[in-house]
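Okay, entry-v1.txt now, which holds compact mmCIF, C-alpha atoms and all ligand atoms:
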```
# COMPACT_ATOMS: atom_id res chain seq x y z
CA MET A 657 35.42 -63.37 -100.59
CA SER A 658 36.18 -66.21 -102.95
CA ASN A 659 39.74 -65.66 -104.15
CA GLU A 660 42.93 -65.66 -102.19
CA VAL A 661 44.70 -62.41 -101.43
CA LYS A 662 48.25 -62.10 -102.72
CA ILE A 663 50.48 -59.14 -101.91
CA THR A 664 53.88 -58.81 -103.57
CA ILE A 665 56.42 -56.18 -102.56
CA LEU A 666 57.52 -54.87 -105.96
CA SER A 667 60.11 -52.49 -104.57
CA GLU A 668 61.34 -51.46 -101.16
CA ASN A 669 64.51 -49.97 -99.63
CA THR A 670 65.99 -53.48 -99.51
CA SER A 671 65.67 -56.62 -101.60
CA GLU A 672 65.35 -60.24 -100.56
CA ARG A 673 66.63 -61.50 -103.92
CA ASP A 674 69.90 -60.71 -105.68
CA ASP A 675 68.16 -60.39 -109.03
CA LEU A 676 65.68 -57.76 -107.81
CA ALA A 677 66.42 -54.09 -107.33
CA ALA A 678 66.22 -52.32 -104.00
CA GLU A 679 65.18 -48.67 -104.16
CA TYR A 680 64.29 -46.18 -101.45
CA GLY A 681 60.51 -46.02 -101.43
CA LEU A 682 57.68 -48.49 -101.66
CA SER A 683 55.51 -50.20 -104.24
CA MET A 684 53.24 -53.22 -103.81
CA TRP A 685 51.11 -55.38 -106.10
CA ILE A 686 47.86 -56.55 -104.59
CA GLU A 687 45.78 -59.30 -106.18
CA ALA A 688 42.38 -59.79 -104.58
CA GLU A 689 38.77 -60.26 -105.64
CA GLY A 690 39.82 -60.88 -109.22
CA ALA A 691 41.48 -57.48 -109.58
CA SER A 692 45.06 -56.25 -109.50
CA ILE A 693 45.99 -53.08 -107.65
CA LEU A 694 49.27 -51.21 -107.87
CA PHE A 695 49.78 -49.59 -104.47
CA ASP A 696 52.40 -46.82 -104.83
CA THR A 697 55.10 -46.67 -107.46
CA GLY A 698 58.38 -46.26 -105.55
CA MET A 699 60.90 -43.58 -106.44
CA ALA A 700 62.53 -44.33 -109.78
CA GLY A 701 61.03 -47.29 -111.58
CA ALA A 702 62.47 -50.32 -109.76
CA PHE A 703 58.92 -51.58 -109.31
CA ALA A 704 58.51 -52.08 -113.07
CA VAL A 705 61.87 -53.82 -113.56
CA ASN A 706 61.13 -56.10 -110.61
CA ALA A 707 57.57 -56.76 -111.76
CA GLU A 708 58.85 -58.12 -115.03
CA LYS A 709 61.29 -60.42 -113.24
CA LEU A 710 58.51 -61.56 -110.93
CA GLY A 711 56.24 -62.36 -113.88
CA ILE A 712 53.77 -59.62 -112.93
CA ASP A 713 51.99 -57.96 -115.81
CA LEU A 714 51.53 -54.30 -114.83
CA SER A 715 49.11 -53.76 -117.69
CA LYS A 716 46.61 -55.79 -115.65
CA ALA A 717 46.40 -53.10 -112.97
CA VAL A 718 42.82 -51.90 -112.55
CA HIS A 719 43.60 -49.43 -109.76
CA LEU A 720 46.66 -47.35 -108.98
CA VAL A 721 46.47 -46.25 -105.36
CA LEU A 722 48.75 -43.45 -104.18
CA SER A 723 49.20 -43.56 -100.42
CA HIS A 724 50.38 -39.93 -100.43
CA GLY A 725 52.30 -37.46 -102.55
CA HIS A 726 55.90 -38.06 -101.44
CA PHE A 727 58.44 -38.72 -104.20
CA ASP A 728 59.40 -42.15 -102.91
CA HIS A 729 55.86 -43.41 -103.55
CA THR A 730 54.96 -41.43 -106.65
CA GLY A 731 58.16 -41.26 -108.72
CA GLY A 732 57.11 -44.21 -110.87
CA ILE A 733 53.69 -42.84 -111.87
CA PRO A 734 54.63 -42.08 -115.52
CA LEU A 735 55.98 -45.61 -115.94
CA ALA A 736 52.91 -47.11 -114.30
CA LEU A 737 50.65 -45.18 -116.65
CA ASP A 738 52.75 -46.26 -119.65
CA HIS A 739 52.12 -49.88 -118.67
CA ALA A 740 48.47 -49.43 -117.72
CA PRO A 741 47.06 -46.37 -119.50
CA GLU A 742 43.49 -47.18 -118.47
CA VAL A 743 44.20 -47.64 -114.78
CA ILE A 744 42.10 -45.62 -112.34
CA VAL A 745 44.33 -43.44 -110.18
CA HIS A 746 43.20 -42.98 -106.57
CA LEU A 747 44.63 -40.10 -104.59
CA HIS A 748 43.79 -37.33 -102.18
CA PRO A 749 43.62 -33.85 -103.76
CA ASP A 750 46.54 -32.68 -101.57
CA ALA A 751 48.84 -35.42 -102.89
CA THR A 752 49.78 -33.11 -105.74
CA ASN A 753 50.72 -30.20 -103.43
CA PRO A 754 54.30 -28.99 -103.48
CA LYS A 755 56.01 -30.59 -100.49
CA TYR A 756 59.35 -29.79 -98.86
CA LEU A 757 61.63 -30.94 -96.13
CA PHE A 758 62.58 -27.58 -94.68
CA GLY A 759 66.28 -27.34 -94.01
CA GLY A 760 66.68 -23.58 -93.58
CA VAL A 761 66.12 -20.84 -96.15
CA GLY A 762 67.67 -21.88 -99.45
CA ASN A 763 68.18 -25.40 -98.17
CA SER A 764 64.79 -27.02 -98.47
CA LEU A 765 64.46 -30.34 -100.25
CA PRO A 766 61.51 -30.84 -102.56
CA ILE A 767 59.96 -34.15 -101.48
CA GLY A 768 56.61 -34.01 -103.25
CA MET A 769 55.50 -35.62 -106.48
CA PRO A 770 58.27 -35.12 -109.07
CA GLY A 771 57.46 -32.97 -112.13
CA PRO A 772 56.96 -35.84 -114.61
CA SER A 773 54.59 -37.57 -112.16
CA LEU A 774 52.58 -34.37 -111.67
CA GLU A 775 52.40 -33.95 -115.42
CA ALA A 776 51.31 -37.57 -115.90
CA VAL A 777 48.55 -37.19 -113.29
CA LYS A 778 47.42 -33.93 -114.90
CA ASN A 779 47.25 -35.60 -118.31
CA LYS A 780 45.15 -38.38 -116.84
CA THR A 781 42.69 -36.27 -114.85
CA SER A 782 39.83 -38.13 -116.49
CA ARG A 783 41.16 -41.38 -114.96
CA CYS A 784 41.82 -39.84 -111.52
CA MET A 785 39.58 -40.20 -108.50
CA PHE A 786 40.33 -37.69 -105.76
CA HIS A 787 39.24 -39.01 -102.37
CA THR A 788 38.62 -37.16 -99.14
CA ASP A 789 36.80 -39.99 -97.37
CA VAL A 790 36.69 -43.77 -97.14
CA THR A 791 36.35 -45.31 -100.59
CA ARG A 792 35.30 -48.81 -101.56
CA LEU A 793 37.40 -50.24 -104.40
CA SER A 794 35.55 -53.55 -104.49
CA GLU A 795 33.35 -55.58 -102.18
CA HIS A 796 36.01 -56.17 -99.53
CA ILE A 797 38.73 -53.66 -100.43
CA PHE A 798 38.74 -50.09 -99.13
CA LEU A 799 40.87 -46.96 -98.94
CA THR A 800 40.87 -44.94 -95.74
CA GLY A 801 41.14 -41.46 -97.22
CA PRO A 802 42.42 -38.99 -94.58
CA VAL A 803 42.98 -40.61 -91.19
CA PRO A 804 42.02 -38.70 -88.01
CA ARG A 805 45.05 -38.00 -85.83
CA ARG A 806 43.98 -39.12 -82.37
CA THR A 807 46.92 -40.56 -80.49
CA ALA A 808 49.09 -38.12 -78.55
CA PHE A 809 52.32 -39.91 -79.39
CA GLU A 810 52.06 -40.13 -83.18
CA LYS A 811 53.33 -36.79 -84.34
CA ILE A 812 54.95 -35.65 -87.54
CA ILE A 813 58.43 -34.87 -86.31
CA GLU A 814 60.04 -33.84 -89.59
CA PRO A 815 59.94 -30.21 -90.76
CA PHE A 816 57.52 -31.02 -93.60
CA THR A 817 56.29 -27.83 -95.25
CA LEU A 818 54.23 -26.78 -98.25
CA ASP A 819 56.66 -23.98 -99.13
CA ALA A 820 60.42 -23.84 -99.53
CA GLU A 821 60.57 -21.00 -97.00
CA GLY A 822 59.29 -23.24 -94.23
CA LYS A 823 56.28 -21.11 -93.36
CA VAL A 824 53.38 -23.51 -93.91
CA PRO A 825 53.57 -26.91 -92.21
CA ASP A 826 52.48 -29.96 -94.20
CA THR A 827 50.56 -32.39 -92.01
CA VAL A 828 50.33 -34.80 -94.98
CA PRO A 829 46.52 -34.86 -95.04
CA ASP A 830 46.84 -36.89 -98.25
CA ASP A 831 48.16 -39.90 -96.31
CA GLN A 832 45.93 -42.94 -96.72
CA ALA A 833 46.04 -46.71 -96.32
CA LEU A 834 44.23 -49.66 -97.89
CA TRP A 835 42.42 -52.45 -96.12
CA ILE A 836 41.05 -55.82 -97.18
CA GLU A 837 38.35 -57.60 -95.22
CA THR A 838 38.79 -61.36 -95.10
CA GLY A 839 37.10 -64.14 -93.17
CA GLU A 840 40.05 -64.16 -90.79
CA GLY A 841 40.28 -60.45 -90.19
CA LEU A 842 41.63 -57.26 -91.69
CA ILE A 843 44.68 -56.99 -93.89
CA VAL A 844 46.09 -53.46 -93.58
CA VAL A 845 48.43 -52.08 -96.25
CA LEU A 846 50.36 -48.95 -95.27
CA GLY A 847 52.31 -46.53 -97.45
CA CYS A 848 54.18 -44.33 -94.98
CA ALA A 849 51.49 -44.02 -92.29
CA HIS A 850 52.28 -40.36 -91.74
CA ALA A 851 48.93 -40.21 -89.91
CA GLY A 852 50.36 -42.76 -87.49
CA ALA A 853 50.16 -46.54 -87.79
CA VAL A 854 48.02 -46.79 -84.65
CA ASN A 855 45.68 -44.01 -85.78
CA THR A 856 45.36 -45.76 -89.14
CA VAL A 857 44.60 -49.22 -87.82
CA GLU A 858 42.18 -47.88 -85.19
CA TYR A 859 40.37 -45.89 -87.89
CA ILE A 860 40.12 -48.97 -90.09
CA LYS A 861 38.72 -50.98 -87.17
CA GLU A 862 36.15 -48.26 -86.58
CA LYS A 863 35.13 -47.87 -90.22
CA SER A 864 35.01 -51.60 -91.00
CA GLY A 865 33.36 -52.59 -87.74
CA LEU A 866 35.88 -55.47 -87.59
CA LYS A 867 38.32 -55.95 -84.74
CA ARG A 868 40.50 -58.81 -85.82
CA ILE A 869 43.78 -57.80 -87.45
CA ARG A 870 45.15 -60.47 -89.71
CA ALA A 871 48.13 -58.60 -91.13
CA ILE A 872 49.78 -55.19 -91.22
CA ILE A 873 52.20 -54.67 -94.09
CA GLY A 874 54.09 -51.52 -95.09
CA GLY A 875 55.70 -48.35 -93.79
CA MET A 876 55.02 -47.34 -90.20
CA HIS A 877 57.11 -44.19 -90.34
CA LEU A 878 58.96 -44.60 -87.07
CA THR A 879 62.35 -43.54 -88.42
CA GLY A 880 63.61 -41.02 -85.92
CA ALA A 881 60.81 -41.73 -83.45
CA GLY A 882 61.76 -42.02 -79.79
CA GLN A 883 61.71 -45.29 -77.87
CA GLU A 884 58.51 -44.25 -76.11
CA THR A 885 56.64 -43.90 -79.42
CA ILE A 886 57.98 -47.26 -80.58
CA GLU A 887 56.86 -48.90 -77.35
CA LEU A 888 53.41 -47.30 -77.42
CA THR A 889 53.01 -48.49 -81.02
CA ALA A 890 54.08 -51.98 -79.94
CA GLN A 891 51.57 -51.88 -77.10
CA ALA A 892 48.81 -51.18 -79.61
CA ILE A 893 49.99 -53.93 -81.95
CA GLY A 894 49.99 -56.33 -78.99
CA SER A 895 46.47 -55.30 -78.02
CA TRP A 896 45.18 -55.97 -81.55
CA GLY A 897 46.40 -59.57 -81.46
CA ALA A 898 47.67 -59.15 -85.02
CA GLY A 899 48.38 -62.37 -86.91
CA LEU A 900 51.29 -60.95 -88.91
CA ILE A 901 53.25 -57.73 -88.95
CA SER A 902 55.65 -56.82 -91.68
CA PRO A 903 56.83 -53.25 -91.20
CA ASN A 904 59.20 -51.99 -93.87
CA HIS A 905 60.34 -48.88 -95.78
CA CYS A 906 60.19 -45.92 -93.36
CA THR A 907 59.59 -47.94 -90.19
CA GLY A 908 63.26 -47.58 -89.32
CA ASP A 909 65.81 -50.02 -87.94
CA ALA A 910 65.17 -49.26 -84.27
CA ALA A 911 61.43 -49.94 -84.49
CA CYS A 912 61.90 -52.98 -86.74
CA SER A 913 64.43 -54.54 -84.34
CA TYR A 914 62.18 -53.86 -81.38
CA PHE A 915 59.10 -55.32 -83.09
CA ARG A 916 61.08 -58.30 -84.40
CA GLU A 917 62.09 -59.20 -80.87
CA ARG A 918 58.81 -58.43 -79.15
CA PHE A 919 56.61 -60.05 -81.80
CA SER A 920 58.96 -62.80 -82.98
CA GLY A 921 56.07 -65.20 -83.69
CA ILE A 922 54.26 -62.88 -86.07
CA TYR A 923 57.05 -60.66 -87.43
CA ARG A 924 58.06 -61.11 -91.03
CA GLN A 925 60.70 -59.12 -92.84
CA SER A 926 59.63 -57.74 -96.20
CA ALA A 927 61.63 -56.32 -99.07
CA SER A 928 61.59 -56.29 -102.88
CA GLY A 929 60.32 -59.72 -103.88
CA THR A 930 58.49 -60.72 -100.68
CA VAL A 931 55.17 -62.39 -101.38
CA PHE A 932 52.34 -62.80 -98.88
CA THR A 933 49.37 -65.04 -99.60
CA PHE A 934 46.23 -65.25 -97.55
CA SER A 935 43.15 -67.36 -97.95
CA ALA A 936 40.17 -65.07 -98.36
FE FE B 1 57.98 -43.10 -97.67
FE FE B 2 56.20 -40.32 -97.00
```
Can you turn what I pasted into structure tokens?
Ligand SMILES: [Fe+2]
Ligand SMILES: [Fe+2]
Amino acid sequence: MSNEVKITILSENTSERDDLAAEYGLSMWIEAEGASILFDTGMAGAFAVNAEKLGIDLSKAVHLVLSHGHFDHTGGIPLALDHAPEVIVHLHPDATNPKYLFGGVGNSLPIGMPGPSLEAVKNKTSRCMFHTDVTRLSEHIFLTGPVPRRTAFEKIIEPFTLDAEGKVPDTVPDDQALWIETGEGLIVVLGCAHAGAVNTVEYIKEKSGLKRIRAIIGGMHLTGAGQETIELTAQAIGSWGAGLISPNHCTGDAACSYFRERFSGIYRQSASGTVFTFSA
């Protein structure tokens, strides 16, 4: 690959700069192989405000990748499509399913794609690519599509359901990650990793045929996970010999603190405004 890889966190739960907004959710801007990719759109548009302040031109986005259908990754879709009407939208067919956090009858929270985002996707069906398998975006950039759930310890612990009555569990089959193959190993970009961060990285290793992990950036969804799960995840990260880990968003404070201490040499905090550059 000839160009460098640059990944900018457009919006995250926290911000590393006073002039940039923090917003629950995640959105990243990936520049690689001469193309710009918007990976998720956060919850309510902070990504676009921050992009402008960061000098990022959203109209240059060639691909809009949706890691899954949750509101905190898809809320900004209408705004993204306003900026880049010709962008190709990549998602799993189940990303548009109704999704709930079941809290008892009459108390479920809708956590799927908000109405305006659903509408925007529907109006852009001709620009949408629905993926159920690994997809190549360019020579060295791929999407996982659905990730096989193989580890025993990575379980969805929240009462995610497809109905407000709590009858049909949602295993978030739409969850996917992105990877970039570089001369110095794999760069893994996670949305929420509902399939499990370890499952995701292992699947990427298998599909790419590459073993070296250069960087893992994004949500590892360990909020609420027990210490054992955090430690087993850390064990896997240690075994990969990763060059950099930057867990954010839904990784949770307990896991982040543990990883920060255990992997102090390779841990990097990331928030709105963080920029990572890698030689290709
Ligand atoms: Fe999330
Ligand atoms: Fe999520």
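Among A:Arg870, A:His905, A:Lys755, A:Lys811, the residue with the shortest atom-to-atom distance to Gly839 in chain A, counting all atoms listed in the file, is A:Arg870.
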7 Å from ligand FE 2 (chain B) is the threshold here; counting only C-alpha atoms and all ligand atoms, which polymer residues fall inside it? Answer as an MDAnalysis selection string.
chainID A and resid 724 726 728 848 850
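With all atoms listed in the file as the atoms that count, the residue of A:Ile860, A:Ala736, A:Val761, A:Ile872 with the shortest distance to Asp713 in chain A is A:Ala736.
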Could you tell me, counting only C-alpha atoms and all ligand atoms, which protein and nucleic acid residues lie no more than 12 Å from ligand FE 1 (chain B), written as a PyMOL selection string?
chain A and resi 667-669+679-683+696-699+722-731+767-769+828+831+846-850+874-879+904-908
Can you pull out the residues contacting Ala871 in chain A? Cut-off 6 Å, using only C-alpha atoms, and skip same-chain residues under 6 positions away; I want them as a ChimeraX atom specification.
/A:843,899-901
May I have the protein, DNA and RNA residues with an atom at most 6 Å from (55.5, -58.1, -90.7), counting all atoms listed in the file in the file's coordinates, returned as a list in words?
Ile873, Leu900, Ile901, Ser902, Pro903, Tyr923, Arg924 and Gln925 of chain A
Convert the current residue selection to file output with C-alpha atoms, as an mmCIF file, keeping the file's coordinate frame.
```
data_model
loop_
_atom_site.group_PDB
_atom_site.id
_atom_site.type_symbol
_atom_site.label_atom_id
_atom_site.label_comp_id
_atom_site.auth_asym_id
_atom_site.auth_seq_id
_atom_site.Cartn_x
_atom_site.Cartn_y
_atom_site.Cartn_z
ATOM 1 C CA ILE A 873 52.200 -54.670 -94.090
ATOM 2 C CA LEU A 900 51.290 -60.950 -88.910
ATOM 3 C CA ILE A 901 53.250 -57.730 -88.950
ATOM 4 C CA SER A 902 55.650 -56.820 -91.680
ATOM 5 C CA PRO A 903 56.830 -53.250 -91.200
ATOM 6 C CA TYR A 923 57.050 -60.660 -87.430
ATOM 7 C CA ARG A 924 58.060 -61.110 -91.030
ATOM 8 C CA GLN A 925 60.700 -59.120 -92.840
#
```
Can you pull out every residue within 12 Å of Thr827 in chain A, counting all atoms listed in the file, but drop anything in the same chain fewer than 2 positions away, and send it as a PyMOL selection string?
chain A and resi 724-725+750-751+753+755-757+802-805+810-818+824-825+829-831+849-852
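CA of Val777 in chain A is positioned 27.4 Å from CA of Asn763 in chain A.
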